Amino acid sequence: MDAVFKALADPSRRELLDRLRADNGQTLGELCARLAMTRQAVSKHLALLEEANLVATVRRGREKLHYLNPVPIHDIAERWIGKFERSRLQALSDMKQALEKRDG
Amino acid sequence: MAKPSFIYVTYIKTTPEKLWMALTDPALMKQYWFGMHQRAEWKAGAPWQLVFPDGRIADTGEVVEVDPPKRLVIKWRNEWKPELKAEGYSRCTMEIIQAGEIVRLTIIHEIDKPDSKLIEAVSGGWPKVLASLKSLLETGAALSGIDQLGKA
């Protein structure tokens, strides 16, 4: 679990996860095209994310596709969020989203 | 197949053989899979079903590939929601790779269809199933509350 928190502690890596969340299964090239980071930096961040199991990859032909793997984050939620709290937290989260949307 | 919609990976402290058993044995499945189980003879070409706790059929399909304890591929179609059934067959690949003391389980569920509702539906369920499976194999107990989720 240390690797997960370490990987999540960096804003560039969180941005990469956001990009994959918006469009799962991107190649390194696709990810680089939309980010103000060098290919080398993106590649390094992806390796760290993969080590933490937050990104999973699959080869399709010559391409390596990157996927957001939510399993470790789910495990964190499972560990600290009790099953009885979940519906109340969901209600709070829904309310926050609705209110912020209206203001924006 | 088009590019997969998602890939889920989890690492479990167990052996490939035990994980294979958990993925294919109905009694074990019921403990971690929302009380559901797969009904199939595990050989290529055999019919396959995913069965709700009350005996209704959730999904049907066919066993495509069986290579114990490494790889299982299932052709998978929803049976209980007309709009999902209309999407036709998806393909679910389960892959087990030993990595030292632990085992890496990869789930790839894909369909030749952009914005598939079936994939959306199953993608929400997999992380919960995997967390519960991991807990069962590592501690001997599946996660509580997991049996509640299949009652739709």
# chains A, B, ... in the order shown; residues from 1 in each chain; ligands from 1

$ interface_residues --of "chain A" --to "chain B" --cutoff "7 Å" --atoms "only C-alpha atoms" --output "short mmCIF file (atom, residue, chain, number, x, y, z; two decimals) with C-alpha atoms, in the first residue's frame"
data_model
loop_
_atom_site.label_atom_id
_atom_site.label_comp_id
_atom_site.auth_asym_id
_atom_site.auth_seq_id
_atom_site.Cartn_x
_atom_site.Cartn_y
_atom_site.Cartn_z
CA ASN A 24 -8.82 4.43 -20.94
CA ALA A 56 -2.22 -1.97 -15.94
CA TYR A 67 -5.35 1.35 -18.30
CA ASN A 69 -6.55 0.00 -12.56
CA VAL A 71 -8.40 -2.15 -7.69
CA HIS A 74 -10.91 0.14 -4.04
CA ASP A 75 -8.87 -1.84 -1.51
#

$ select_by_dssp --residues "chain B" --states "alpha helix (DSSP H)" --output "PyMOL selection string"
chain B and resi 16-24+26-32+82-85+117-139

$ write_last_selection --atoms "C-alpha atoms" --output "short mmCIF file (atom, residue, chain, number, x, y, z; two decimals), in the first residue's frame"
data_model
loop_
_atom_site.label_atom_id
_atom_site.label_comp_id
_atom_site.auth_asym_id
_atom_site.auth_seq_id
_atom_site.Cartn_x
_atom_site.Cartn_y
_atom_site.Cartn_z
CA PRO B 16 -2.08 -20.36 -8.95
CA GLU B 17 -3.79 -23.67 -8.15
CA LYS B 18 -5.79 -22.25 -5.24
CA LEU B 19 -6.76 -19.18 -7.24
CA TRP B 20 -7.84 -21.37 -10.14
CA MET B 21 -9.99 -23.39 -7.78
CA ALA B 22 -11.57 -20.22 -6.38
CA LEU B 23 -12.38 -19.05 -9.91
CA THR B 24 -13.97 -22.32 -10.98
CA PRO B 26 -19.19 -22.89 -7.40
CA ALA B 27 -19.14 -23.22 -3.59
CA LEU B 28 -16.08 -20.95 -3.32
CA MET B 29 -17.45 -18.49 -5.90
CA LYS B 30 -20.66 -18.01 -3.92
CA GLN B 31 -18.58 -16.74 -1.01
CA TYR B 32 -16.98 -13.82 -2.83
CA PRO B 82 -32.98 -6.53 -22.51
CA GLU B 83 -30.82 -3.50 -23.39
CA LEU B 84 -27.70 -5.33 -22.22
CA LYS B 85 -28.67 -8.61 -23.85
CA LYS B 117 -23.64 -0.66 -21.14
CA LEU B 118 -22.72 -4.26 -20.41
CA ILE B 119 -19.07 -3.30 -19.87
CA GLU B 120 -20.20 -0.38 -17.73
CA ALA B 121 -22.32 -2.75 -15.63
CA VAL B 122 -19.63 -5.39 -15.13
CA SER B 123 -16.80 -2.89 -14.61
CA GLY B 124 -18.44 -1.65 -11.40
CA GLY B 125 -18.72 -5.16 -10.05
CA TRP B 126 -15.24 -6.51 -10.73
CA PRO B 127 -13.24 -4.45 -8.18
CA LYS B 128 -15.63 -5.57 -5.43
CA VAL B 129 -15.48 -9.20 -6.52
CA LEU B 130 -11.68 -9.07 -6.71
CA ALA B 131 -11.34 -7.44 -3.27
CA SER B 132 -13.55 -10.10 -1.77
CA LEU B 133 -11.74 -12.91 -3.61
CA LYS B 134 -8.40 -11.57 -2.33
CA SER B 135 -9.74 -11.42 1.21
CA LEU B 136 -11.11 -14.96 0.98
CA LEU B 137 -7.82 -16.42 -0.24
CA GLU B 138 -5.60 -14.45 2.12
CA THR B 139 -7.66 -14.50 5.31
#

$ residues_around --residues "A:Met37" --least-positions-apart "4" --cutoff "12 Å" --atoms "only C-alpha atoms" --output "JSON, numbers by chain"
{"A": [12, 13, 15, 16, 28, 29, 31, 32, 33, 41, 42, 43, 44, 45]}

$ select_by_dssp --residues "chain A" --states "strand (DSSP E)" --output "list in words"
Val55, Ala56, Thr57, Val58, Arg59, Arg60, Glu63, Lys64, Leu65, His66, Tyr67 and Leu68 of chain A

$ residues_around --residues "B:Val63" --least-positions-apart "6" --cutoff "12 Å" --atoms "only C-alpha atoms" --output "list in words"
Thr24, Gln38, Arg39, Ala40, Glu41, Trp42, Lys43, Ala44, Gly45, Ala46, Pro47, Trp48, Gln49, Leu50, Arg71, Leu72, Val73, Ile74, Lys75, Trp76, Arg77, Arg91, Cys92, Thr93 and Met94 of chain B

$ decode --residues "stretch 98-135 of chain B" --atoms "N, CA and C atoms" --output "compact mmCIF listing (two decimals), in the first residue's frame"
# COMPACT_ATOMS: atom_id res chain seq x y z
N GLN B 98 2.16 -16.37 -11.78
CA GLN B 98 2.85 -16.41 -10.49
C GLN B 98 4.01 -15.44 -10.50
N ALA B 99 4.13 -14.67 -9.41
CA ALA B 99 5.23 -13.71 -9.29
C ALA B 99 5.85 -13.91 -7.92
N GLY B 100 6.73 -14.86 -7.79
CA GLY B 100 7.35 -15.16 -6.50
C GLY B 100 6.32 -15.75 -5.55
N GLU B 101 6.16 -15.09 -4.40
CA GLU B 101 5.26 -15.58 -3.36
C GLU B 101 3.80 -15.24 -3.63
N ILE B 102 3.60 -14.35 -4.61
CA ILE B 102 2.24 -13.91 -4.86
C ILE B 102 1.81 -14.25 -6.28
N VAL B 103 0.52 -14.07 -6.53
CA VAL B 103 -0.04 -14.41 -7.81
C VAL B 103 -0.74 -13.17 -8.37
N ARG B 104 -0.50 -12.91 -9.64
CA ARG B 104 -1.12 -11.76 -10.29
C ARG B 104 -2.34 -12.24 -11.08
N LEU B 105 -3.50 -11.69 -10.74
CA LEU B 105 -4.72 -12.03 -11.48
C LEU B 105 -5.14 -10.84 -12.32
N THR B 106 -5.30 -11.07 -13.62
CA THR B 106 -5.72 -10.02 -14.54
C THR B 106 -7.09 -10.37 -15.11
N ILE B 107 -8.00 -9.40 -15.06
CA ILE B 107 -9.32 -9.58 -15.66
C ILE B 107 -9.45 -8.58 -16.81
N ILE B 108 -9.68 -9.08 -17.99
CA ILE B 108 -9.95 -8.20 -19.14
C ILE B 108 -11.34 -8.54 -19.64
N HIS B 109 -12.22 -7.55 -19.65
CA HIS B 109 -13.58 -7.81 -20.12
C HIS B 109 -13.81 -6.87 -21.30
N GLU B 110 -14.08 -7.41 -22.47
CA GLU B 110 -14.14 -6.56 -23.67
C GLU B 110 -15.32 -6.93 -24.56
N ILE B 111 -15.69 -5.96 -25.39
CA ILE B 111 -16.80 -6.17 -26.32
C ILE B 111 -16.55 -5.28 -27.53
N ASP B 112 -16.99 -5.74 -28.70
CA ASP B 112 -16.80 -4.95 -29.93
C ASP B 112 -17.87 -3.89 -30.04
N LYS B 113 -17.85 -2.93 -29.13
CA LYS B 113 -18.94 -1.96 -29.12
C LYS B 113 -18.48 -0.77 -28.28
N PRO B 114 -18.49 0.45 -28.84
CA PRO B 114 -18.10 1.59 -28.02
C PRO B 114 -19.20 1.91 -27.01
N ASP B 115 -18.83 2.44 -25.86
CA ASP B 115 -19.77 2.85 -24.82
C ASP B 115 -20.76 1.74 -24.45
N SER B 116 -20.25 0.54 -24.32
CA SER B 116 -21.11 -0.59 -23.98
C SER B 116 -21.67 -0.47 -22.57
N LYS B 117 -22.99 -0.68 -22.46
CA LYS B 117 -23.64 -0.66 -21.14
C LYS B 117 -23.31 -1.91 -20.35
N LEU B 118 -23.09 -3.01 -21.08
CA LEU B 118 -22.72 -4.26 -20.41
C LEU B 118 -21.38 -4.09 -19.72
N ILE B 119 -20.40 -3.51 -20.44
CA ILE B 119 -19.07 -3.30 -19.87
C ILE B 119 -19.18 -2.35 -18.68
N GLU B 120 -20.01 -1.31 -18.83
CA GLU B 120 -20.20 -0.38 -17.73
C GLU B 120 -20.74 -1.12 -16.49
N ALA B 121 -21.70 -2.01 -16.74
CA ALA B 121 -22.32 -2.75 -15.63
C ALA B 121 -21.32 -3.68 -14.96
N VAL B 122 -20.55 -4.43 -15.75
CA VAL B 122 -19.63 -5.39 -15.13
C VAL B 122 -18.41 -4.70 -14.54
N SER B 123 -18.03 -3.53 -15.09
CA SER B 123 -16.80 -2.89 -14.61
C SER B 123 -16.97 -2.42 -13.16
N GLY B 124 -18.20 -2.06 -12.78
CA GLY B 124 -18.44 -1.65 -11.40
C GLY B 124 -18.34 -2.81 -10.44
N GLY B 125 -18.69 -4.00 -10.93
CA GLY B 125 -18.72 -5.16 -10.05
C GLY B 125 -17.36 -5.80 -9.81
N TRP B 126 -16.50 -5.78 -10.82
CA TRP B 126 -15.24 -6.51 -10.73
C TRP B 126 -14.34 -6.12 -9.55
N PRO B 127 -14.12 -4.78 -9.31
CA PRO B 127 -13.24 -4.45 -8.18
C PRO B 127 -13.75 -5.02 -6.85
N LYS B 128 -15.06 -5.04 -6.67
CA LYS B 128 -15.63 -5.57 -5.43
C LYS B 128 -15.42 -7.08 -5.36
N VAL B 129 -15.67 -7.75 -6.48
CA VAL B 129 -15.48 -9.20 -6.52
C VAL B 129 -14.02 -9.55 -6.24
N LEU B 130 -13.11 -8.78 -6.87
CA LEU B 130 -11.68 -9.07 -6.71
C LEU B 130 -11.21 -8.81 -5.28
N ALA B 131 -11.72 -7.74 -4.66
CA ALA B 131 -11.34 -7.44 -3.27
C ALA B 131 -11.80 -8.56 -2.36
N SER B 132 -13.00 -9.05 -2.61
CA SER B 132 -13.55 -10.10 -1.77
C SER B 132 -12.83 -11.43 -2.00
N LEU B 133 -12.49 -11.70 -3.26
CA LEU B 133 -11.74 -12.91 -3.61
C LEU B 133 -10.37 -12.90 -2.92
N LYS B 134 -9.71 -11.73 -2.97
CA LYS B 134 -8.40 -11.57 -2.33
C LYS B 134 -8.51 -11.83 -0.83
N SER B 135 -9.53 -11.25 -0.22
CA SER B 135 -9.74 -11.42 1.21
C SER B 135 -9.99 -12.89 1.55
